[in-house]
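Source file: model15.txt (compact mmCIF, C-alpha atoms and all ligand atoms)
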```txt
# COMPACT_ATOMS: atom_id res chain seq x y z
CA GLY A 1 0.00 0.00 0.00
CA GLY A 2 0.90 3.67 0.03
CA SER A 3 2.51 5.57 -2.78
CA LYS A 4 6.09 4.47 -3.25
CA ARG A 5 8.75 7.14 -3.56
CA MET A 6 11.09 6.58 -6.46
CA ALA A 7 13.90 9.04 -6.12
CA ILE A 8 17.22 8.03 -7.67
CA GLY A 9 19.82 6.91 -5.13
CA ILE A 10 23.42 8.08 -5.31
CA PHE A 11 26.08 6.34 -3.27
CA ASP A 12 29.70 7.12 -2.45
CA SER A 13 32.07 6.25 0.38
CA GLY A 14 32.06 9.94 1.27
CA LEU A 15 31.90 13.35 -0.37
CA GLY A 16 33.13 12.46 -3.88
CA GLY A 17 29.75 11.39 -5.23
CA LEU A 18 28.55 14.95 -4.68
CA THR A 19 30.41 15.88 -7.88
CA VAL A 20 28.12 13.44 -9.71
CA LEU A 21 25.03 14.61 -7.82
CA ASP A 22 25.79 18.22 -8.69
CA ALA A 23 26.08 17.48 -12.41
CA ILE A 24 22.81 15.50 -12.31
CA CYS A 25 21.03 18.37 -10.48
CA LYS A 26 22.15 20.81 -13.16
CA LYS A 27 20.93 18.62 -16.00
CA LEU A 28 17.77 17.27 -14.33
CA PRO A 29 16.75 19.86 -11.73
CA ALA A 30 13.33 18.32 -11.03
CA LEU A 31 14.69 14.85 -10.31
CA PRO A 32 14.56 13.89 -6.61
CA LEU A 33 17.84 12.37 -5.40
CA VAL A 34 18.75 10.55 -2.20
CA TYR A 35 22.48 10.78 -1.48
CA MET A 36 24.18 8.28 0.82
CA GLY A 37 27.75 8.91 2.00
CA ASP A 38 29.46 6.28 4.15
CA ASN A 39 31.75 8.98 5.56
CA SER A 40 32.49 7.15 8.80
CA ARG A 41 34.12 4.34 6.80
CA ALA A 42 35.83 6.37 4.04
CA PRO A 43 38.24 5.92 2.40
CA TYR A 44 37.24 2.68 0.70
CA GLY A 45 40.27 2.86 -1.57
CA VAL A 46 42.57 1.23 0.97
CA ARG A 47 40.17 -1.65 1.79
CA ASP A 48 40.14 -5.09 0.19
CA ALA A 49 37.51 -6.09 -2.38
CA GLU A 50 35.53 -8.21 0.10
CA ASP A 51 35.20 -5.32 2.51
CA VAL A 52 34.21 -2.84 -0.23
CA TYR A 53 31.60 -5.34 -1.48
CA SER A 54 29.94 -5.79 1.91
CA LEU A 55 29.93 -2.06 2.77
CA THR A 56 28.55 -1.17 -0.67
CA THR A 57 25.81 -3.79 -0.44
CA ARG A 58 24.76 -2.44 2.95
CA ALA A 59 24.62 1.17 1.72
CA VAL A 60 22.64 0.22 -1.38
CA GLU A 61 20.12 -1.66 0.80
CA ARG A 62 19.72 1.52 2.84
CA LEU A 63 18.83 3.34 -0.39
CA TRP A 64 16.27 0.64 -1.34
CA GLN A 65 14.64 1.41 2.05
CA GLU A 66 14.34 5.04 0.96
CA GLY A 67 12.20 3.85 -1.95
CA CYS A 68 14.86 4.21 -4.64
CA ASP A 69 14.51 1.79 -7.56
CA LEU A 70 17.69 2.91 -9.28
CA VAL A 71 20.99 3.44 -7.45
CA ILE A 72 24.10 4.92 -9.02
CA LEU A 73 27.38 3.84 -7.48
CA ALA A 74 29.06 7.26 -7.75
CA CYS A 75 32.26 5.64 -6.56
CA ASN A 76 34.83 3.94 -8.77
CA THR A 77 36.20 1.86 -5.93
CA ALA A 78 32.73 0.39 -5.28
CA SER A 79 32.00 0.08 -9.01
CA ALA A 80 35.25 -1.87 -9.46
CA ALA A 81 34.88 -4.17 -6.47
CA ALA A 82 31.15 -4.61 -6.08
CA LEU A 83 28.98 -3.81 -9.11
CA ARG A 84 29.51 -6.94 -11.18
CA ARG A 85 29.25 -9.15 -8.10
CA MET A 86 26.01 -7.48 -6.93
CA GLN A 87 24.46 -7.94 -10.36
CA GLU A 88 25.56 -11.58 -10.49
CA ALA A 89 24.23 -12.28 -6.98
CA GLY A 90 20.84 -10.96 -8.18
CA LEU A 91 19.12 -7.71 -7.27
CA PRO A 92 15.58 -7.46 -5.87
CA GLU A 93 12.87 -7.27 -8.54
CA HIS A 94 12.56 -3.85 -10.23
CA LYS A 95 15.84 -2.67 -8.71
CA ARG A 96 18.81 -1.49 -10.77
CA VAL A 97 22.36 -0.52 -9.89
CA LEU A 98 24.58 1.38 -12.34
CA GLY A 99 28.27 2.23 -12.03
CA VAL A 100 30.37 5.15 -13.22
CA PHE A 101 33.00 3.48 -15.45
CA VAL A 102 31.05 2.74 -18.57
CA PRO A 103 29.96 6.30 -19.52
CA LEU A 104 33.54 7.47 -19.13
CA ILE A 105 35.03 4.70 -21.22
CA GLU A 106 32.37 5.17 -23.90
CA ALA A 107 33.33 8.85 -24.12
CA LEU A 108 37.03 8.02 -24.29
CA THR A 109 36.45 5.43 -27.02
CA GLU A 110 33.95 7.58 -28.96
CA ARG A 111 31.10 5.09 -28.55
CA GLN A 112 27.36 5.46 -28.35
CA TRP A 113 25.54 3.97 -25.39
CA GLY A 114 25.19 0.19 -25.75
CA ASP A 115 27.41 -0.10 -28.85
CA ASN A 116 28.69 -3.65 -28.42
CA SER A 117 30.70 -3.93 -31.62
CA PRO A 118 34.24 -5.39 -31.43
CA PRO A 119 37.10 -3.28 -30.06
CA ARG A 120 38.65 -0.88 -32.56
CA GLN A 121 41.40 1.74 -32.95
CA VAL A 122 40.56 5.07 -31.29
CA ALA A 123 42.11 8.53 -31.31
CA VAL A 124 43.71 8.39 -27.87
CA LYS A 125 46.91 6.34 -27.55
CA ASN A 126 48.43 7.20 -24.17
CA VAL A 127 46.03 7.41 -21.26
CA ALA A 128 46.92 8.34 -17.70
CA LEU A 129 44.57 6.87 -15.12
CA PHE A 130 44.38 8.42 -11.65
CA ALA A 131 42.44 6.38 -9.11
CA THR A 132 42.44 4.92 -5.60
CA PRO A 133 44.78 2.03 -4.74
CA ALA A 134 41.83 -0.44 -4.78
CA THR A 135 40.58 0.71 -8.20
CA VAL A 136 44.09 0.53 -9.67
CA ALA A 137 44.62 -2.95 -8.20
CA SER A 138 41.30 -4.19 -9.65
CA ARG A 139 42.39 -3.35 -13.23
CA ALA A 140 38.66 -2.85 -13.94
CA PHE A 141 39.31 0.21 -16.14
CA GLN A 142 41.77 -1.65 -18.32
CA ARG A 143 39.34 -4.57 -18.60
CA GLU A 144 36.40 -2.34 -19.64
CA LEU A 145 38.63 -0.44 -22.05
CA ALA A 146 39.91 -3.63 -23.69
CA PHE A 147 36.31 -4.60 -24.59
CA ARG A 148 36.05 -1.41 -26.65
CA ALA A 149 39.44 -0.21 -27.89
CA ILE A 150 42.74 -1.59 -29.16
CA GLY A 151 46.14 0.03 -29.15
CA VAL A 152 45.60 2.17 -26.06
CA ASP A 153 48.40 2.25 -23.51
CA VAL A 154 47.11 2.90 -19.97
CA GLU A 155 49.48 3.99 -17.21
CA ALA A 156 47.76 3.88 -13.82
CA GLN A 157 48.73 6.01 -10.85
CA SER A 158 47.41 5.02 -7.47
CA CYS A 159 46.77 8.28 -5.62
CA GLY A 160 47.22 7.38 -1.97
CA GLY A 161 46.10 9.97 0.58
CA VAL A 162 44.07 12.26 -1.68
CA VAL A 163 40.63 11.03 -0.59
CA ASP A 164 41.60 11.20 3.11
CA ALA A 165 42.79 14.78 2.70
CA ILE A 166 39.57 15.82 0.91
CA GLU A 167 37.39 14.08 3.52
CA ASP A 168 39.37 15.90 6.24
CA GLY A 169 38.88 19.22 4.44
CA ASP A 170 42.67 19.62 4.12
CA LEU A 171 42.80 21.01 0.59
CA ILE A 172 46.40 22.24 0.91
CA LEU A 173 47.52 18.66 1.53
CA ALA A 174 45.22 17.34 -1.21
CA GLU A 175 46.76 19.75 -3.74
CA ALA A 176 50.32 18.83 -2.81
CA LEU A 177 49.50 15.12 -3.11
CA VAL A 178 47.83 15.60 -6.51
CA ARG A 179 50.91 17.43 -7.82
CA SER A 180 53.24 14.70 -6.62
CA HIS A 181 51.03 11.92 -8.06
CA VAL A 182 50.93 13.71 -11.44
CA GLN A 183 54.73 14.01 -11.40
CA ALA A 184 55.07 10.32 -10.57
CA LEU A 185 52.76 9.45 -13.46
CA MET A 186 54.67 11.64 -15.91
CA ARG A 187 57.93 9.93 -15.02
CA LYS A 188 56.31 6.69 -16.29
CA MET A 189 54.40 8.28 -19.22
CA PRO A 190 55.92 11.64 -20.20
CA ALA A 191 53.31 12.64 -22.80
CA PRO A 192 49.81 11.31 -22.11
CA ASP A 193 47.15 12.61 -24.52
CA ALA A 194 44.29 12.01 -22.11
CA ALA A 195 43.89 11.68 -18.36
CA ILE A 196 41.05 9.95 -16.55
CA LEU A 197 40.06 11.15 -13.10
CA GLY A 198 38.94 7.69 -11.99
CA CYS A 199 37.73 8.64 -8.53
CA THR A 200 34.67 10.81 -7.95
CA HIS A 201 36.53 12.87 -5.34
CA TYR A 202 39.09 14.09 -7.87
CA PRO A 203 36.92 16.56 -9.83
CA LEU A 204 37.05 18.66 -6.66
CA MET A 205 40.75 19.06 -7.59
CA ASP A 206 40.33 19.20 -11.38
CA THR A 207 42.13 22.51 -11.93
CA ILE A 208 45.13 21.20 -9.98
CA PHE A 209 45.22 18.08 -12.17
CA GLN A 210 44.87 20.14 -15.35
CA ASN A 211 47.61 22.61 -14.34
CA ALA A 212 50.01 19.86 -13.31
CA LEU A 213 49.36 17.87 -16.51
CA GLY A 214 49.57 20.87 -18.83
CA GLU A 215 47.04 22.18 -21.30
CA ASN A 216 47.73 19.57 -24.00
CA VAL A 217 46.27 16.78 -21.90
CA ARG A 218 42.52 16.33 -22.13
CA VAL A 219 41.16 15.59 -18.65
CA TYR A 220 38.06 13.38 -18.51
CA SER A 221 35.97 13.43 -15.36
CA GLN A 222 32.86 11.47 -14.74
CA ALA A 223 30.29 13.85 -13.33
CA GLU A 224 29.06 15.34 -16.62
CA LEU A 225 29.29 12.08 -18.53
CA VAL A 226 27.34 10.15 -15.90
CA ALA A 227 24.66 12.87 -15.81
CA GLU A 228 24.28 12.64 -19.60
CA SER A 229 24.06 8.86 -19.48
CA LEU A 230 21.44 9.02 -16.73
CA GLN A 231 19.34 11.46 -18.73
CA ASP A 232 19.52 9.10 -21.68
CA TYR A 233 18.69 6.07 -19.50
CA LEU A 234 15.64 7.74 -17.92
CA HIS A 235 14.45 8.75 -21.35
CA ARG A 236 14.46 5.10 -22.37
CA HIS A 237 13.20 3.79 -18.98
CA PRO A 238 10.67 6.40 -17.80
CA ASP A 239 9.28 3.85 -15.30
CA LYS A 240 12.43 4.36 -13.24
CA LEU A 241 11.38 7.96 -12.77
CA GLY A 242 8.51 7.89 -10.28
CA GLN A 243 6.66 10.68 -8.54
CA GLY A 244 9.17 10.97 -5.71
CA SER A 245 9.67 14.52 -4.59
CA GLU A 246 12.07 14.43 -1.68
CA THR A 247 15.78 15.09 -2.12
CA LYS A 248 17.84 14.22 0.92
CA PHE A 249 21.37 13.63 2.08
CA LEU A 250 22.26 10.76 4.41
CA THR A 251 25.60 10.05 6.08
CA THR A 252 27.06 7.51 8.47
CA GLY A 253 29.44 10.28 9.60
CA GLU A 254 28.83 13.30 11.80
CA PRO A 255 26.03 15.20 10.00
CA GLY A 256 27.14 18.72 11.02
CA LEU A 257 30.71 18.22 9.88
CA VAL A 258 29.74 16.47 6.65
CA SER A 259 27.19 19.24 5.88
CA ASP A 260 29.88 21.92 6.31
CA ARG A 261 32.32 20.18 3.94
CA ALA A 262 29.59 19.49 1.37
CA THR A 263 28.46 23.12 1.50
CA GLN A 264 32.07 24.25 1.01
CA PHE A 265 32.57 21.95 -2.01
CA LEU A 266 29.28 22.58 -3.82
CA LYS A 267 29.10 26.26 -2.85
CA ARG A 268 25.46 25.91 -1.85
CA LYS A 269 23.82 24.90 1.41
CA ILE A 270 23.68 21.12 1.85
CA ILE A 271 22.20 19.57 4.99
CA PHE A 272 22.98 15.95 5.81
CA GLU A 273 21.05 13.81 8.26
CA ALA A 274 22.16 10.65 10.07
CA ALA A 275 21.62 7.52 7.94
N1 LIG A 301 35.10 8.44 -4.45
C1 LIG A 301 35.48 7.08 -4.50
C2 LIG A 301 35.90 6.62 -5.85
O1 LIG A 301 35.37 7.12 -6.83
C3 LIG A 301 36.25 6.43 -3.44
C4 LIG A 301 37.11 7.03 -2.54
C5 LIG A 301 37.55 6.22 -1.38
O2 LIG A 301 36.73 6.06 -0.47
O3 LIG A 301 38.70 5.78 -1.37
O4 LIG A 301 36.73 5.76 -6.00
```
Using structure tokens, write down the structure that the file contains.
Amino acid sequence: GGSKRMAIGIFDSGLGGLTVLDAICKKLPALPLVYMGDNSRAPYGVRDAEDVYSLTTRAVERLWQEGCDLVILACNTASAAALRRMQEAGLPEHKRVLGVFVPLIEALTERQWGDNSPPRQVAVKNVALFATPATVASRAFQRELAFRAIGVDVEAQSCGGVVDAIEDGDLILAEALVRSHVQALMRKMPAPDAAILGCTHYPLMDTIFQNALGENVRVYSQAELVAESLQDYLHRHPDKLGQGSETKFLTTGEPGLVSDRATQFLKRKIIFEAA
């Protein structure tokens, strides 16, 4: 009984998924969104795959309870370690979970949504991938890329410490770490033609990445691309867009502190409540 709310759920280990939420809000301002940040357990990027899987499953179940039928894992670490396994284990009826890799890789490889043709040559040859230690270790990006493109050399840089610094609100430290990770990458690959920000926290530092990489490197970040893919998906699956009207922000962390950081990052008032 009762009318079921059908807001779209957005999950991240912490604040990073807000970059995705913000892009979705700009493109689809009337769409109700329920954000879930597992801030008390961030960063996920230093945890093993088993741990990331069980934490992600728990958070997604919390979003089902909010009446969401579609949840976006706005977290590469969770997408790499948990998405495929959750889909294989079977989701409840009418529930869907989408990750953030595929839209990015489709953009990089110049593909339309759902183009399953064999891998082919693409314009980019040398790609720098910046991601958390867990995402780098999973090699999920390279695997998804290999389904779609040939002849692309990927050099991955595991960016230890960046997510912790952002979660702690220490942007001076975050900037210094980003610069040193970019330098480390460029020692291995001196002239990348594209860079992937493979962690949803990193767009908060995108100008630092771009400056450190130089203007000849095209920097791909997920927020915009995921928002476009979602718009496209909802157009084709309007049933996933119910009459839900309530946007809210849930956290396992300290709501006051998380609200302050979120407000600072998005430059508009965000109020979190305890999950
Ligand atoms: N923002 C997340 C990602 O996209 C994860 C960060 C973390 O908790 O380590 O990978």
**Message:** Measuring between all atoms listed in the file, which one of A:Leu230, A:Leu28, A:Ala223, A:Val182 shows the shortest distance to ligand LIG 301 (chain A)?
**Reply:** A:Ala223
**Message:** I need every residue sitting at most 12 Å from the point (53.9, 17.4, -8.5) (coordinates as in the file, all atoms listed in the file considered), written as a list in words.
**Reply:**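 Residues satisfying the cut-off, written out: Cys159, Leu173, Ala174, Glu175, Ala176, Leu177, Val178, Arg179, Ser180, His181, Val182, Gln183, Ala184, Leu185, Met186, Arg187, Ile208, Phe209, Gln210, Asn211, Ala212, Leu213 and Gly214 of chain A.
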**Using all atoms listed in the file: which of A:Ser229, A:Thr135, A:Ser158, A:Asn76 has the shortest distance to Lys27 of chain A** =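 Going through A:Ser229, A:Thr135, A:Ser158, A:Asn76 one by one, the smallest distance to Lys27 of chain A is for A:Ser229.
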**Message:** I'd like the neighbourhood of Gly99 of chain A as a list of chain:residue names, where a residue qualifies if any of its atoms comes within 6 Å (using only C-alpha atoms), though same-chain residues fewer than 5 positions away should be ignored.
**Reply:** A:Ile72, A:Leu73, A:Ser79
Keeping C-alpha atoms, export the residues of the selection given above as a PDB file, in the frame of the given file.
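Final output, selection-v8.pdb:
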```
ATOM      1  CA  ILE A  72      24.100   4.920  -9.020  1.00  0.00           C
ATOM      2  CA  LEU A  73      27.380   3.840  -7.480  1.00  0.00           C
ATOM      3  CA  SER A  79      32.000   0.080  -9.010  1.00  0.00           C
TER       4      SER A  79
END
```
Set the cut-off to 10 Å, count only C-alpha atoms and all ligand atoms, and list whatever residues fall near ligand LIG 301 (chain A) as a short mmCIF file (atom, residue, chain, number, x, y, z; two decimals) with C-alpha atoms, in the coordinates of the input.
```cif
data_model
loop_
_atom_site.label_atom_id
_atom_site.label_comp_id
_atom_site.auth_asym_id
_atom_site.auth_seq_id
_atom_site.Cartn_x
_atom_site.Cartn_y
_atom_site.Cartn_z
CA PHE A 11 26.08 6.34 -3.27
CA ASP A 12 29.70 7.12 -2.45
CA SER A 13 32.07 6.25 0.38
CA GLY A 14 32.06 9.94 1.27
CA LEU A 15 31.90 13.35 -0.37
CA GLY A 16 33.13 12.46 -3.88
CA GLY A 17 29.75 11.39 -5.23
CA LEU A 18 28.55 14.95 -4.68
CA THR A 19 30.41 15.88 -7.88
CA GLY A 37 27.75 8.91 2.00
CA ASP A 38 29.46 6.28 4.15
CA ASN A 39 31.75 8.98 5.56
CA ARG A 41 34.12 4.34 6.80
CA ALA A 42 35.83 6.37 4.04
CA PRO A 43 38.24 5.92 2.40
CA TYR A 44 37.24 2.68 0.70
CA GLY A 45 40.27 2.86 -1.57
CA VAL A 46 42.57 1.23 0.97
CA ARG A 47 40.17 -1.65 1.79
CA VAL A 52 34.21 -2.84 -0.23
CA LEU A 73 27.38 3.84 -7.48
CA ALA A 74 29.06 7.26 -7.75
CA CYS A 75 32.26 5.64 -6.56
CA ASN A 76 34.83 3.94 -8.77
CA THR A 77 36.20 1.86 -5.93
CA ALA A 78 32.73 0.39 -5.28
CA SER A 79 32.00 0.08 -9.01
CA ALA A 80 35.25 -1.87 -9.46
CA VAL A 100 30.37 5.15 -13.22
CA PHE A 101 33.00 3.48 -15.45
CA PHE A 130 44.38 8.42 -11.65
CA ALA A 131 42.44 6.38 -9.11
CA THR A 132 42.44 4.92 -5.60
CA PRO A 133 44.78 2.03 -4.74
CA ALA A 134 41.83 -0.44 -4.78
CA THR A 135 40.58 0.71 -8.20
CA VAL A 136 44.09 0.53 -9.67
CA CYS A 159 46.77 8.28 -5.62
CA GLY A 160 47.22 7.38 -1.97
CA GLY A 161 46.10 9.97 0.58
CA VAL A 162 44.07 12.26 -1.68
CA VAL A 163 40.63 11.03 -0.59
CA ASP A 164 41.60 11.20 3.11
CA ILE A 166 39.57 15.82 0.91
CA GLU A 167 37.39 14.08 3.52
CA LEU A 197 40.06 11.15 -13.10
CA GLY A 198 38.94 7.69 -11.99
CA CYS A 199 37.73 8.64 -8.53
CA THR A 200 34.67 10.81 -7.95
CA HIS A 201 36.53 12.87 -5.34
CA TYR A 202 39.09 14.09 -7.87
CA PRO A 203 36.92 16.56 -9.83
CA GLN A 222 32.86 11.47 -14.74
#
```
